[in-house]
Every structure is written in C-alpha cells, then in structure tokens.
file input.pdb (PDB, C-alpha atoms)
ATOM      1  CA  MET A 157     241.040 176.723 209.056  1.00  0.00           C
ATOM      2  CA  MET A 158     242.640 174.929 211.960  1.00  0.00           C
ATOM      3  CA  ALA A 159     240.603 171.816 211.217  1.00  0.00           C
ATOM      4  CA  LEU A 160     241.893 171.780 207.637  1.00  0.00           C
ATOM      5  CA  ASN A 161     245.512 171.998 208.794  1.00  0.00           C
ATOM      6  CA  LYS A 162     245.009 169.124 211.209  1.00  0.00           C
ATOM      7  CA  GLN A 163     243.526 167.031 208.464  1.00  0.00           C
ATOM      8  CA  LYS A 164     246.584 167.720 206.238  1.00  0.00           C
ATOM      9  CA  GLU A 165     248.875 166.821 209.128  1.00  0.00           C
ATOM     10  CA  LEU A 166     247.071 163.559 209.692  1.00  0.00           C
ATOM     11  CA  SER A 167     247.234 162.717 205.959  1.00  0.00           C
ATOM     12  CA  PHE A 168     250.927 163.453 205.891  1.00  0.00           C
ATOM     13  CA  LEU A 169     251.432 161.298 208.991  1.00  0.00           C
ATOM     14  CA  TYR A 170     249.582 158.378 207.430  1.00  0.00           C
ATOM     15  CA  ILE A 171     251.693 158.657 204.260  1.00  0.00           C
ATOM     16  CA  CYS A 172     254.908 158.669 206.269  1.00  0.00           C
ATOM     17  CA  MET A 173     253.819 155.646 208.277  1.00  0.00           C
ATOM     18  CA  GLY A 174     252.981 153.811 205.023  1.00  0.00           C
ATOM     19  CA  LEU A 175     256.391 154.576 203.575  1.00  0.00           C
ATOM     20  CA  VAL A 176     258.087 153.322 206.718  1.00  0.00           C
ATOM     21  CA  LEU A 177     256.147 150.073 206.650  1.00  0.00           C
ATOM     22  CA  LEU A 178     256.814 149.535 202.903  1.00  0.00           C
ATOM     23  CA  THR A 179     260.542 150.206 203.275  1.00  0.00           C
ATOM     24  CA  GLY A 180     260.755 147.850 206.215  1.00  0.00           C
ATOM     25  CA  CYS A 181     259.016 145.078 204.285  1.00  0.00           C
ATOM     26  CA  LYS A 182     261.423 145.386 201.325  1.00  0.00           C
ATOM     27  CA  ARG A 183     264.409 145.365 203.661  1.00  0.00           C
ATOM     28  CA  GLN A 184     263.089 142.271 205.409  1.00  0.00           C
ATOM     29  CA  GLU A 185     262.594 140.554 202.051  1.00  0.00           C
ATOM     30  CA  GLU A 186     266.185 141.294 201.009  1.00  0.00           C
ATOM     31  CA  LEU A 187     267.508 139.941 204.289  1.00  0.00           C
ATOM     32  CA  GLU A 188     265.482 136.726 203.891  1.00  0.00           C
ATOM     33  CA  LYS A 189     266.852 136.219 200.335  1.00  0.00           C
ATOM     34  CA  ARG A 190     270.428 136.607 201.539  1.00  0.00           C
ATOM     35  CA  ALA A 191     269.855 134.145 204.342  1.00  0.00           C
ATOM     36  CA  SER A 192     268.256 131.484 202.090  1.00  0.00           C
ATOM     37  CA  PRO A 193     270.592 128.595 200.905  1.00  0.00           C
ATOM     38  CA  ILE A 194     271.693 128.657 197.216  1.00  0.00           C
ATOM     39  CA  ILE A 195     270.453 125.612 195.292  1.00  0.00           C
ATOM     40  CA  PRO A 196     272.634 124.919 192.143  1.00  0.00           C
ATOM     41  CA  TYR A 197     270.832 124.276 188.828  1.00  0.00           C
ATOM     42  CA  THR A 198     272.216 121.160 187.133  1.00  0.00           C
ATOM     43  CA  VAL A 199     271.554 119.600 183.715  1.00  0.00           C
ATOM     44  CA  SER A 200     271.950 115.882 183.144  1.00  0.00           C
ATOM     45  CA  ALA A 201     274.573 115.194 180.430  1.00  0.00           C
ATOM     46  CA  SER A 202     273.216 113.495 177.308  1.00  0.00           C
ATOM     47  CA  PRO A 203     275.028 110.331 176.117  1.00  0.00           C
ATOM     48  CA  ILE A 204     277.562 111.065 173.335  1.00  0.00           C
ATOM     49  CA  THR A 205     276.614 109.353 170.104  1.00  0.00           C
ATOM     50  CA  PRO A 206     278.832 109.172 166.978  1.00  0.00           C
ATOM     51  CA  GLU A 207     277.993 111.332 164.012  1.00  0.00           C
ATOM     52  CA  ALA A 208     275.768 109.686 161.457  1.00  0.00           C
ATOM     53  CA  ASN A 209     278.406 110.021 158.734  1.00  0.00           C
ATOM     54  CA  THR A 210     281.297 108.601 160.791  1.00  0.00           C
ATOM     55  CA  PRO A 211     282.562 105.439 159.011  1.00  0.00           C
ATOM     56  CA  VAL A 212     282.657 102.278 161.061  1.00  0.00           C
ATOM     57  CA  VAL A 213     285.514  99.935 160.138  1.00  0.00           C
ATOM     58  CA  ILE A 214     284.494  96.285 160.335  1.00  0.00           C
ATOM     59  CA  PRO A 215     287.151  93.631 159.711  1.00  0.00           C
ATOM     60  CA  THR A 216     286.277  91.342 156.824  1.00  0.00           C
ATOM     61  CA  ILE A 217     287.526  87.886 155.986  1.00  0.00           C
ATOM     62  CA  LEU A 218     289.155  87.554 152.590  1.00  0.00           C
ATOM     63  CA  SER A 219     287.220  85.120 150.452  1.00  0.00           C
ATOM     64  CA  GLN A 220     288.131  83.370 147.236  1.00  0.00           C
ATOM     65  CA  ASP A 221     285.758  85.563 145.251  1.00  0.00           C
ATOM     66  CA  THR A 222     287.538  88.756 146.307  1.00  0.00           C
ATOM     67  CA  ILE A 223     290.963  87.830 144.944  1.00  0.00           C
ATOM     68  CA  ALA A 224     291.784  90.182 142.102  1.00  0.00           C
ATOM     69  CA  SER A 225     293.987  88.413 139.581  1.00  0.00           C
ATOM     70  CA  LEU A 226     296.140  90.479 137.280  1.00  0.00           C
ATOM     71  CA  PRO A 227     295.983  89.611 133.577  1.00  0.00           C
ATOM     72  CA  MET A 228     298.603  86.983 132.819  1.00  0.00           C
ATOM     73  CA  PRO A 229     301.548  88.421 130.843  1.00  0.00           C
ATOM     74  CA  VAL A 230     302.421  87.148 127.368  1.00  0.00           C
ATOM     75  CA  TYR A 231     305.551  85.373 128.610  1.00  0.00           C
ATOM     76  CA  LEU A 232     303.436  83.050 130.773  1.00  0.00           C
ATOM     77  CA  SER A 233     300.950  80.609 129.284  1.00  0.00           C
ATOM     78  CA  GLY A 234     299.865  79.331 132.693  1.00  0.00           C
ATOM     79  CA  VAL A 235     300.682  78.924 136.383  1.00  0.00           C
ATOM     80  CA  PHE A 236     299.866  76.232 138.955  1.00  0.00           C
ATOM     81  CA  PRO A 237     298.066  76.416 141.314  1.00  0.00           C
ATOM     82  CA  GLU A 238     295.913  78.696 139.196  1.00  0.00           C
ATOM     83  CA  PRO A 239     294.923  82.199 140.385  1.00  0.00           C
ATOM     84  CA  ALA A 240     292.040  82.074 142.891  1.00  0.00           C
ATOM     85  CA  SER A 241     292.016  78.261 142.852  1.00  0.00           C
ATOM     86  CA  THR A 242     291.613  76.052 145.922  1.00  0.00           C
ATOM     87  CA  TYR A 243     293.455  72.761 146.427  1.00  0.00           C
ATOM     88  CA  ASN A 244     294.056  70.213 149.119  1.00  0.00           C
ATOM     89  CA  ILE A 245     297.653  69.151 148.526  1.00  0.00           C
ATOM     90  CA  SER A 246     296.846  65.569 149.544  1.00  0.00           C
ATOM     91  CA  SER A 247     293.850  65.260 147.245  1.00  0.00           C
ATOM     92  CA  ASP A 248     293.828  63.214 144.059  1.00  0.00           C
ATOM     93  CA  GLU A 249     292.903  66.350 142.127  1.00  0.00           C
ATOM     94  CA  TYR A 250     296.031  68.209 143.218  1.00  0.00           C
ATOM     95  CA  LEU A 251     298.365  65.237 142.709  1.00  0.00           C
ATOM     96  CA  SER A 252     296.976  64.465 139.264  1.00  0.00           C
ATOM     97  CA  ARG A 253     297.407  68.088 138.177  1.00  0.00           C
ATOM     98  CA  LEU A 254     300.950  68.049 139.552  1.00  0.00           C
ATOM     99  CA  LYS A 255     301.868  64.863 137.697  1.00  0.00           C
ATOM    100  CA  ARG A 256     300.824  66.426 134.410  1.00  0.00           C
ATOM    101  CA  LYS A 257     304.064  68.387 134.728  1.00  0.00           C
ATOM    102  CA  ASP A 258     306.025  65.189 135.309  1.00  0.00           C
ATOM    103  CA  PRO A 259     304.875  61.688 136.400  1.00  0.00           C
ATOM    104  CA  ASN A 260     307.623  61.531 139.036  1.00  0.00           C
ATOM    105  CA  LEU A 261     306.760  64.879 140.651  1.00  0.00           C
ATOM    106  CA  ASN A 262     305.290  64.219 144.095  1.00  0.00           C
ATOM    107  CA  GLU A 263     306.309  67.087 146.378  1.00  0.00           C
ATOM    108  CA  PRO A 264     304.118  70.210 146.692  1.00  0.00           C
ATOM    109  CA  SER A 265     305.217  72.701 144.060  1.00  0.00           C
ATOM    110  CA  VAL A 266     304.351  75.961 142.344  1.00  0.00           C
ATOM    111  CA  CYS A 267     304.793  75.899 138.568  1.00  0.00           C
ATOM    112  CA  ALA A 268     304.896  78.267 135.603  1.00  0.00           C
ATOM    113  CA  SER A 269     304.916  77.800 131.827  1.00  0.00           C
ATOM    114  CA  VAL A 270     307.431  80.305 130.422  1.00  0.00           C
ATOM    115  CA  HIS A 271     307.938  81.532 126.836  1.00  0.00           C
ATOM    116  CA  SER A 272     311.508  82.726 126.307  1.00  0.00           C
ATOM    117  CA  TYR A 273     310.673  84.726 123.178  1.00  0.00           C
ATOM    118  CA  HIS A 274     308.881  87.468 125.141  1.00  0.00           C
ATOM    119  CA  LEU A 275     311.624  87.861 127.759  1.00  0.00           C
ATOM    120  CA  LEU A 276     314.704  88.339 125.549  1.00  0.00           C
ATOM    121  CA  GLU A 277     316.288  91.640 124.518  1.00  0.00           C
ATOM    122  CA  LYS A 278     318.334  92.690 121.524  1.00  0.00           C
ATOM    123  CA  GLY A 279     321.698  90.912 121.437  1.00  0.00           C
ATOM    124  CA  ASP A 280     320.624  88.084 123.793  1.00  0.00           C
ATOM    125  CA  ALA A 281     321.699  84.528 123.011  1.00  0.00           C
ATOM    126  CA  PRO A 282     321.511  82.708 126.360  1.00  0.00           C
ATOM    127  CA  THR A 283     322.103  79.030 126.956  1.00  0.00           C
ATOM    128  CA  THR A 284     319.290  77.118 128.623  1.00  0.00           C
ATOM    129  CA  GLU A 285     321.093  77.271 131.965  1.00  0.00           C
ATOM    130  CA  GLU A 286     321.721  81.011 131.654  1.00  0.00           C
ATOM    131  CA  PHE A 287     318.082  81.653 130.808  1.00  0.00           C
ATOM    132  CA  LEU A 288     316.838  79.597 133.759  1.00  0.00           C
ATOM    133  CA  ASN A 289     319.208  81.425 136.110  1.00  0.00           C
ATOM    134  CA  GLN A 290     317.507  84.715 135.227  1.00  0.00           C
ATOM    135  CA  MET A 291     314.245  83.663 136.905  1.00  0.00           C
ATOM    136  CA  HIS A 292     313.140  82.793 140.386  1.00  0.00           C
ATOM    137  CA  LEU A 293     309.996  82.489 142.495  1.00  0.00           C
ATOM    138  CA  VAL A 294     308.858  84.118 145.728  1.00  0.00           C
ATOM    139  CA  VAL A 295     306.096  82.380 147.692  1.00  0.00           C
ATOM    140  CA  ASP A 296     304.832  83.989 150.893  1.00  0.00           C
ATOM    141  CA  THR A 297     308.063  86.070 151.150  1.00  0.00           C
ATOM    142  CA  ILE A 298     310.233  82.932 150.728  1.00  0.00           C
ATOM    143  CA  ASP A 299     312.656  83.259 147.807  1.00  0.00           C
ATOM    144  CA  VAL A 300     312.958  80.006 145.850  1.00  0.00           C
ATOM    145  CA  THR A 301     315.754  80.044 143.282  1.00  0.00           C
ATOM    146  CA  THR A 302     316.360  76.396 142.368  1.00  0.00           C
ATOM    147  CA  PRO A 303     313.603  74.592 140.445  1.00  0.00           C
ATOM    148  CA  ASN A 304     312.844  70.953 141.154  1.00  0.00           C
ATOM    149  CA  LEU A 305     311.537  70.390 137.619  1.00  0.00           C
ATOM    150  CA  VAL A 306     312.342  71.805 134.182  1.00  0.00           C
ATOM    151  CA  VAL A 307     310.601  70.354 131.138  1.00  0.00           C
ATOM    152  CA  SER A 308     310.977  71.700 127.598  1.00  0.00           C
ATOM    153  CA  PRO A 309     310.583  70.447 124.024  1.00  0.00           C
ATOM    154  CA  ASP A 310     313.606  68.754 122.505  1.00  0.00           C
ATOM    155  CA  ILE A 311     314.240  71.547 120.019  1.00  0.00           C
ATOM    156  CA  LEU A 312     317.090  73.910 119.330  1.00  0.00           C
ATOM    157  CA  GLY A 313     316.868  77.600 119.902  1.00  0.00           C
ATOM    158  CA  SER A 314     316.171  79.857 116.948  1.00  0.00           C
ATOM    159  CA  GLU A 315     317.309  83.256 115.759  1.00  0.00           C
ATOM    160  CA  VAL A 316     314.756  86.056 115.695  1.00  0.00           C
ATOM    161  CA  MET A 317     315.290  88.785 113.090  1.00  0.00           C
ATOM    162  CA  ASP A 318     313.745  92.166 112.465  1.00  0.00           C
ATOM    163  CA  GLY A 319     312.267  93.326 109.148  1.00  0.00           C
ATOM    164  CA  SER A 320     315.673  94.180 107.676  1.00  0.00           C
ATOM    165  CA  GLY A 321     317.112  90.756 108.394  1.00  0.00           C
ATOM    166  CA  GLU A 322     319.175  91.857 111.395  1.00  0.00           C
ATOM    167  CA  ILE A 323     319.354  89.311 114.202  1.00  0.00           C
ATOM    168  CA  LEU A 324     317.606  90.613 117.317  1.00  0.00           C
ATOM    169  CA  PHE A 325     318.257  87.687 119.658  1.00  0.00           C
ATOM    170  CA  ARG A 326     318.473  83.910 119.803  1.00  0.00           C
ATOM    171  CA  THR A 327     316.166  81.853 122.000  1.00  0.00           C
ATOM    172  CA  PRO A 328     317.695  79.184 124.251  1.00  0.00           C
ATOM    173  CA  ASP A 329     317.466  75.513 123.379  1.00  0.00           C
ATOM    174  CA  GLY A 330     314.045  74.307 124.399  1.00  0.00           C
ATOM    175  CA  GLU A 331     312.521  77.786 123.892  1.00  0.00           C
ATOM    176  CA  ASN A 332     309.423  77.170 126.073  1.00  0.00           C
ATOM    177  CA  PHE A 333     309.704  75.736 129.572  1.00  0.00           C
ATOM    178  CA  ASN A 334     307.472  74.160 132.209  1.00  0.00           C
ATOM    179  CA  ILE A 335     309.208  74.951 135.474  1.00  0.00           C
ATOM    180  CA  CYS A 336     308.271  73.968 139.039  1.00  0.00           C
ATOM    181  CA  TRP A 337     309.733  74.983 142.375  1.00  0.00           C
ATOM    182  CA  SER A 338     309.387  72.934 145.556  1.00  0.00           C
ATOM    183  CA  VAL A 339     307.404  75.008 148.047  1.00  0.00           C
ATOM    184  CA  ASP A 340     306.102  74.396 151.559  1.00  0.00           C
ATOM    185  CA  LEU A 341     302.326  74.486 151.166  1.00  0.00           C
ATOM    186  CA  GLY A 342     301.522  72.689 154.405  1.00  0.00           C
ATOM    187  CA  GLN A 343     299.826  75.706 155.959  1.00  0.00           C
ATOM    188  CA  SER A 344     296.181  76.130 155.107  1.00  0.00           C
ATOM    189  CA  GLY A 345     294.937  79.482 153.878  1.00  0.00           C
ATOM    190  CA  LEU A 346     295.830  82.093 151.314  1.00  0.00           C
ATOM    191  CA  HIS A 347     299.208  81.884 149.562  1.00  0.00           C
ATOM    192  CA  THR A 348     300.763  84.433 147.227  1.00  0.00           C
ATOM    193  CA  ALA A 349     303.338  83.646 144.546  1.00  0.00           C
ATOM    194  CA  THR A 350     305.432  85.980 142.395  1.00  0.00           C
ATOM    195  CA  PHE A 351     307.344  84.918 139.298  1.00  0.00           C
ATOM    196  CA  LEU A 352     310.323  87.186 138.568  1.00  0.00           C
ATOM    197  CA  PHE A 353     312.635  87.379 135.567  1.00  0.00           C
ATOM    198  CA  THR A 354     315.625  89.756 135.430  1.00  0.00           C
ATOM    199  CA  LYS A 355     316.385  90.793 131.859  1.00  0.00           C
ATOM    200  CA  THR A 356     319.902  91.426 130.554  1.00  0.00           C
ATOM    201  CA  SER A 357     319.304  95.184 130.887  1.00  0.00           C
ATOM    202  CA  GLY A 358     318.409  94.748 134.554  1.00  0.00           C
ATOM    203  CA  LYS A 359     314.687  95.337 134.068  1.00  0.00           C
ATOM    204  CA  VAL A 360     312.595  92.938 136.163  1.00  0.00           C
ATOM    205  CA  GLU A 361     309.428  91.385 134.817  1.00  0.00           C
ATOM    206  CA  SER A 362     307.072  89.979 137.434  1.00  0.00           C
ATOM    207  CA  TYR A 363     303.667  88.407 137.829  1.00  0.00           C
ATOM    208  CA  THR A 364     301.875  87.894 141.147  1.00  0.00           C
ATOM    209  CA  TRP A 365     298.857  85.710 141.872  1.00  0.00           C
ATOM    210  CA  SER A 366     297.128  84.123 144.862  1.00  0.00           C
ATOM    211  CA  PHE A 367     295.524  80.772 145.619  1.00  0.00           C
ATOM    212  CA  PHE A 368     294.058  78.855 148.559  1.00  0.00           C
ATOM    213  CA  ILE A 369     295.350  75.669 150.164  1.00  0.00           C
ATOM    214  CA  ASP A 370     292.954  73.613 152.272  1.00  0.00           C
ATOM    215  CA  GLY A 371     295.809  71.659 153.816  1.00  0.00           C
ATOM    216  CA  PRO A 372     296.490  67.935 153.910  1.00  0.00           C
ATOM    217  CA  SER A 373     293.478  65.669 154.278  1.00  0.00           C
TER     218      SER A 373
END

call {"tool": "encode", "arguments": {"input": "input.pdb", "output": "structure tokens"}}
result
Amino acid sequence: MMALNKQKELSFLYICMGLVLLTGCKRQEELEKRASPIIPYTVSASPITPEANTPVVIPTILSQDTIASLPMPVYLSGVFPEPASTYNISSDEYLSRLKRKDPNLNEPSVCASVHSYHLLEKGDAPTTEEFLNQMHLVVDTIDVTTPNLVVSPDILGSEVMDGSGEILFRTPDGENFNICWSVDLGQSGLHTATFLFTKTSGKVESYTWSFFIDGPS
C-alpha cells in the first residue's frame, strides 16, 4: 500500500516538473520574440500607366485637303483665290489669274463676283455707289472696306416685279460686279477671307473661305 502511494507521489512530481519546464520554455520564447527587431514588410510600387481608353491628343498640321469649304451662296458666282487653292503671289499663274479681273491690276488682291439681284430687299433701289458701300471684306481679321477694282457690265439697272406686277426692287446700274480688295498676302500659310454684305434691313449675309499662299518666289 505504501509502495503504491510512493509511486503516485513520484508520478505527480514528474508531472509537476514537466509543467514547470513547459511553462518556462513558453515564457522564454515570448521574451525572445519581444527582444527581436521588427523588420517592416514593404511592397515595391508599380509604375502608373494611363488607362487604355484615355485619349491622347496629338497636334496635327492643317493640310490643304482638310479645308472644309462652305457651299458658295447664290449671290456669289466666284471668289479669288479660290477655296482650298494654293498660289505663289509672284508666280505667273497668280498674276495671270489676277489680270483676268483687269489688265492693270498688279497688287495682291482678294476678289469676288457679286450678283446684286440676290442681295436686295423689297423697296430697294440703290445707286451703284450705295450698293458697293454695303459690302466689305475681312481677311485674317483685317477689315478691308475700300476696293481697288470694280468692274461691271455697261448696263442700266432693272426693276424686278412680283407676280402681280408690283415692283419689288430695282438693281443698281451694272447689276453684277467683279470686285477686288488690296490685301497683304506676303505671309506664307493659310489665309481666311470673309465677304460681308449688310442688307437694308440690317441682316448680314456672309461667306467665308480659306486658301494657301506659298509666298513670293
């Protein structure tokens, strides 16, 4: 009986010693963890790339083919230089085209062929001078009011009537006009011209076009 009790005591002693050793080991492990230096965990940043659908704006050079010319209105039968055309103002081609307006015309000019019929309103009966004063030209933001050439047929103006015989308006003497304005075209590149006509009512008719100048040779 006594031997059995001693055996139980020894077993209990061994268990207690094991618990002491195990607890000591865990405590030692915790102390070592606290004493160890902390190493931060870092992630290398990836380079930022634009989204696939982000538009990239690339400057483009305006070419002759990209000029959009508006349809010419009925009151103009032509302009010079023509829309989207290219001229060297010292070339024989340009000078010969210019002299078709008038043999004595030598200075660089922008021209328009104007039909008075389509610009008059009811009750109008302008003189030639009054009709010409209703129009002007803007080239590259420069307002040009005084033409250097006006050519028209040697005919009198005519009365235009409606279906009942009532007079609507009277065209000026000459009726149709080839008009040119002296313009500085010495700078090469794209030029923009706008023909403007202010009607009696105050309404403004306009036509804008663009052309290229290569510059003097």

call {"tool": "atom_distance", "arguments": {"input": "input.pdb", "atom1": "atom CA of Val270 of chain A", "atom2": "atom CA of Tyr250 of chain A"}}
result
21.0 Å

call {"tool": "closest_residue", "arguments": {"input": "input.pdb", "among": "A:Phe353, A:Phe325, A:Phe287, A:Trp337", "to": "Phe236 of chain A", "atoms": "only C-alpha atoms"}}
result
A:Trp337

call {"tool": "axis_aligned_box", "arguments": {"input": "input.pdb", "around": "segment 296-302 of chain A", "padding_each_side": "4 Å", "output": "JSON"}}
result
{"center_x": 310.6, "center_y": 81.2, "center_z": 146.8, "size_x": 19.5, "size_y": 17.7, "size_z": 16.8}

call {"tool": "resolve_selection", "arguments": {"input": "input.pdb", "expression": "the PyMOL selection byres ((chain A and resi 273-278) around 8)", "output": "number ranges by chain"}}
result
A: 230-231, 271-272, 279-280, 324-325, 327, 331, 353, 355-357

call {"tool": "closest_residue", "arguments": {"input": "input.pdb", "among": "A:Ser269, A:Asn262, A:Ser344, A:Glu322", "to": "Asp248 of chain A", "atoms": "all atoms listed in the file"}}
result
A:Asn262

call {"tool": "resolve_selection", "arguments": {"input": "input.pdb", "expression": "the PyMOL selection byres ((chain A and resi 238) around 12)", "output": "mmCIF file with C-alpha atoms, in the coordinates of the input"}}
result
data_model
loop_
_atom_site.group_PDB
_atom_site.id
_atom_site.type_symbol
_atom_site.label_atom_id
_atom_site.label_comp_id
_atom_site.auth_asym_id
_atom_site.auth_seq_id
_atom_site.Cartn_x
_atom_site.Cartn_y
_atom_site.Cartn_z
ATOM 1 C CA ILE A 223 290.963 87.830 144.944
ATOM 2 C CA SER A 225 293.987 88.413 139.581
ATOM 3 C CA LEU A 226 296.140 90.479 137.280
ATOM 4 C CA MET A 228 298.603 86.983 132.819
ATOM 5 C CA SER A 233 300.950 80.609 129.284
ATOM 6 C CA GLY A 234 299.865 79.331 132.693
ATOM 7 C CA VAL A 235 300.682 78.924 136.383
ATOM 8 C CA PHE A 236 299.866 76.232 138.955
ATOM 9 C CA PRO A 237 298.066 76.416 141.314
ATOM 10 C CA PRO A 239 294.923 82.199 140.385
ATOM 11 C CA ALA A 240 292.040 82.074 142.891
ATOM 12 C CA SER A 241 292.016 78.261 142.852
ATOM 13 C CA THR A 242 291.613 76.052 145.922
ATOM 14 C CA TYR A 243 293.455 72.761 146.427
ATOM 15 C CA TYR A 250 296.031 68.209 143.218
ATOM 16 C CA ARG A 253 297.407 68.088 138.177
ATOM 17 C CA LEU A 254 300.950 68.049 139.552
ATOM 18 C CA VAL A 266 304.351 75.961 142.344
ATOM 19 C CA CYS A 267 304.793 75.899 138.568
ATOM 20 C CA ALA A 268 304.896 78.267 135.603
ATOM 21 C CA SER A 269 304.916 77.800 131.827
ATOM 22 C CA HIS A 347 299.208 81.884 149.562
ATOM 23 C CA THR A 348 300.763 84.433 147.227
ATOM 24 C CA ALA A 349 303.338 83.646 144.546
ATOM 25 C CA THR A 364 301.875 87.894 141.147
ATOM 26 C CA TRP A 365 298.857 85.710 141.872
ATOM 27 C CA SER A 366 297.128 84.123 144.862
ATOM 28 C CA PHE A 367 295.524 80.772 145.619
ATOM 29 C CA PHE A 368 294.058 78.855 148.559
ATOM 30 C CA ILE A 369 295.350 75.669 150.164
#

call {"tool": "atom_distance", "arguments": {"input": "input.pdb", "atom1": "atom CA of Asn244 of chain A", "atom2": "atom CA of Asn332 of chain A"}}
result
28.6 Å

call {"tool": "closest_residue", "arguments": {"input": "input.pdb", "among": "A:Ala281, A:Glu249, A:Asp370, A:Val306", "to": "Leu341 of chain A", "atoms": "all atoms listed in the file"}}
result
A:Asp370

call {"tool": "atom_distance", "arguments": {"input": "input.pdb", "atom1": "atom CA of Ser314 of chain A", "atom2": "atom CA of Leu288 of chain A"}}
result
16.8 Å

call {"tool": "resolve_selection", "arguments": {"input": "input.pdb", "expression": "the PyMOL selection byres ((chain A and resi 298) around 12)", "output": "list of chain:residue names"}}
result
A:His292, A:Leu293, A:Val294, A:Val295, A:Asp296, A:Thr297, A:Asp299, A:Val300, A:Thr301, A:Trp337, A:Ser338, A:Val339, A:Asp340, A:Leu341, A:His347, A:Thr348, A:Ala349, A:Thr350, A:Phe351

call {"tool": "closest_residue", "arguments": {"input": "input.pdb", "among": "A:Pro303, A:Pro264, A:Leu312, A:Asn334", "to": "Ser252 of chain A", "atoms": "only C-alpha atoms"}}
result
A:Pro264

call {"tool": "closest_residue", "arguments": {"input": "input.pdb", "among": "A:Lys359, A:Leu232, A:Thr284, A:Gln343", "to": "Asp329 of chain A", "atoms": "only C-alpha atoms"}}
result
A:Thr284
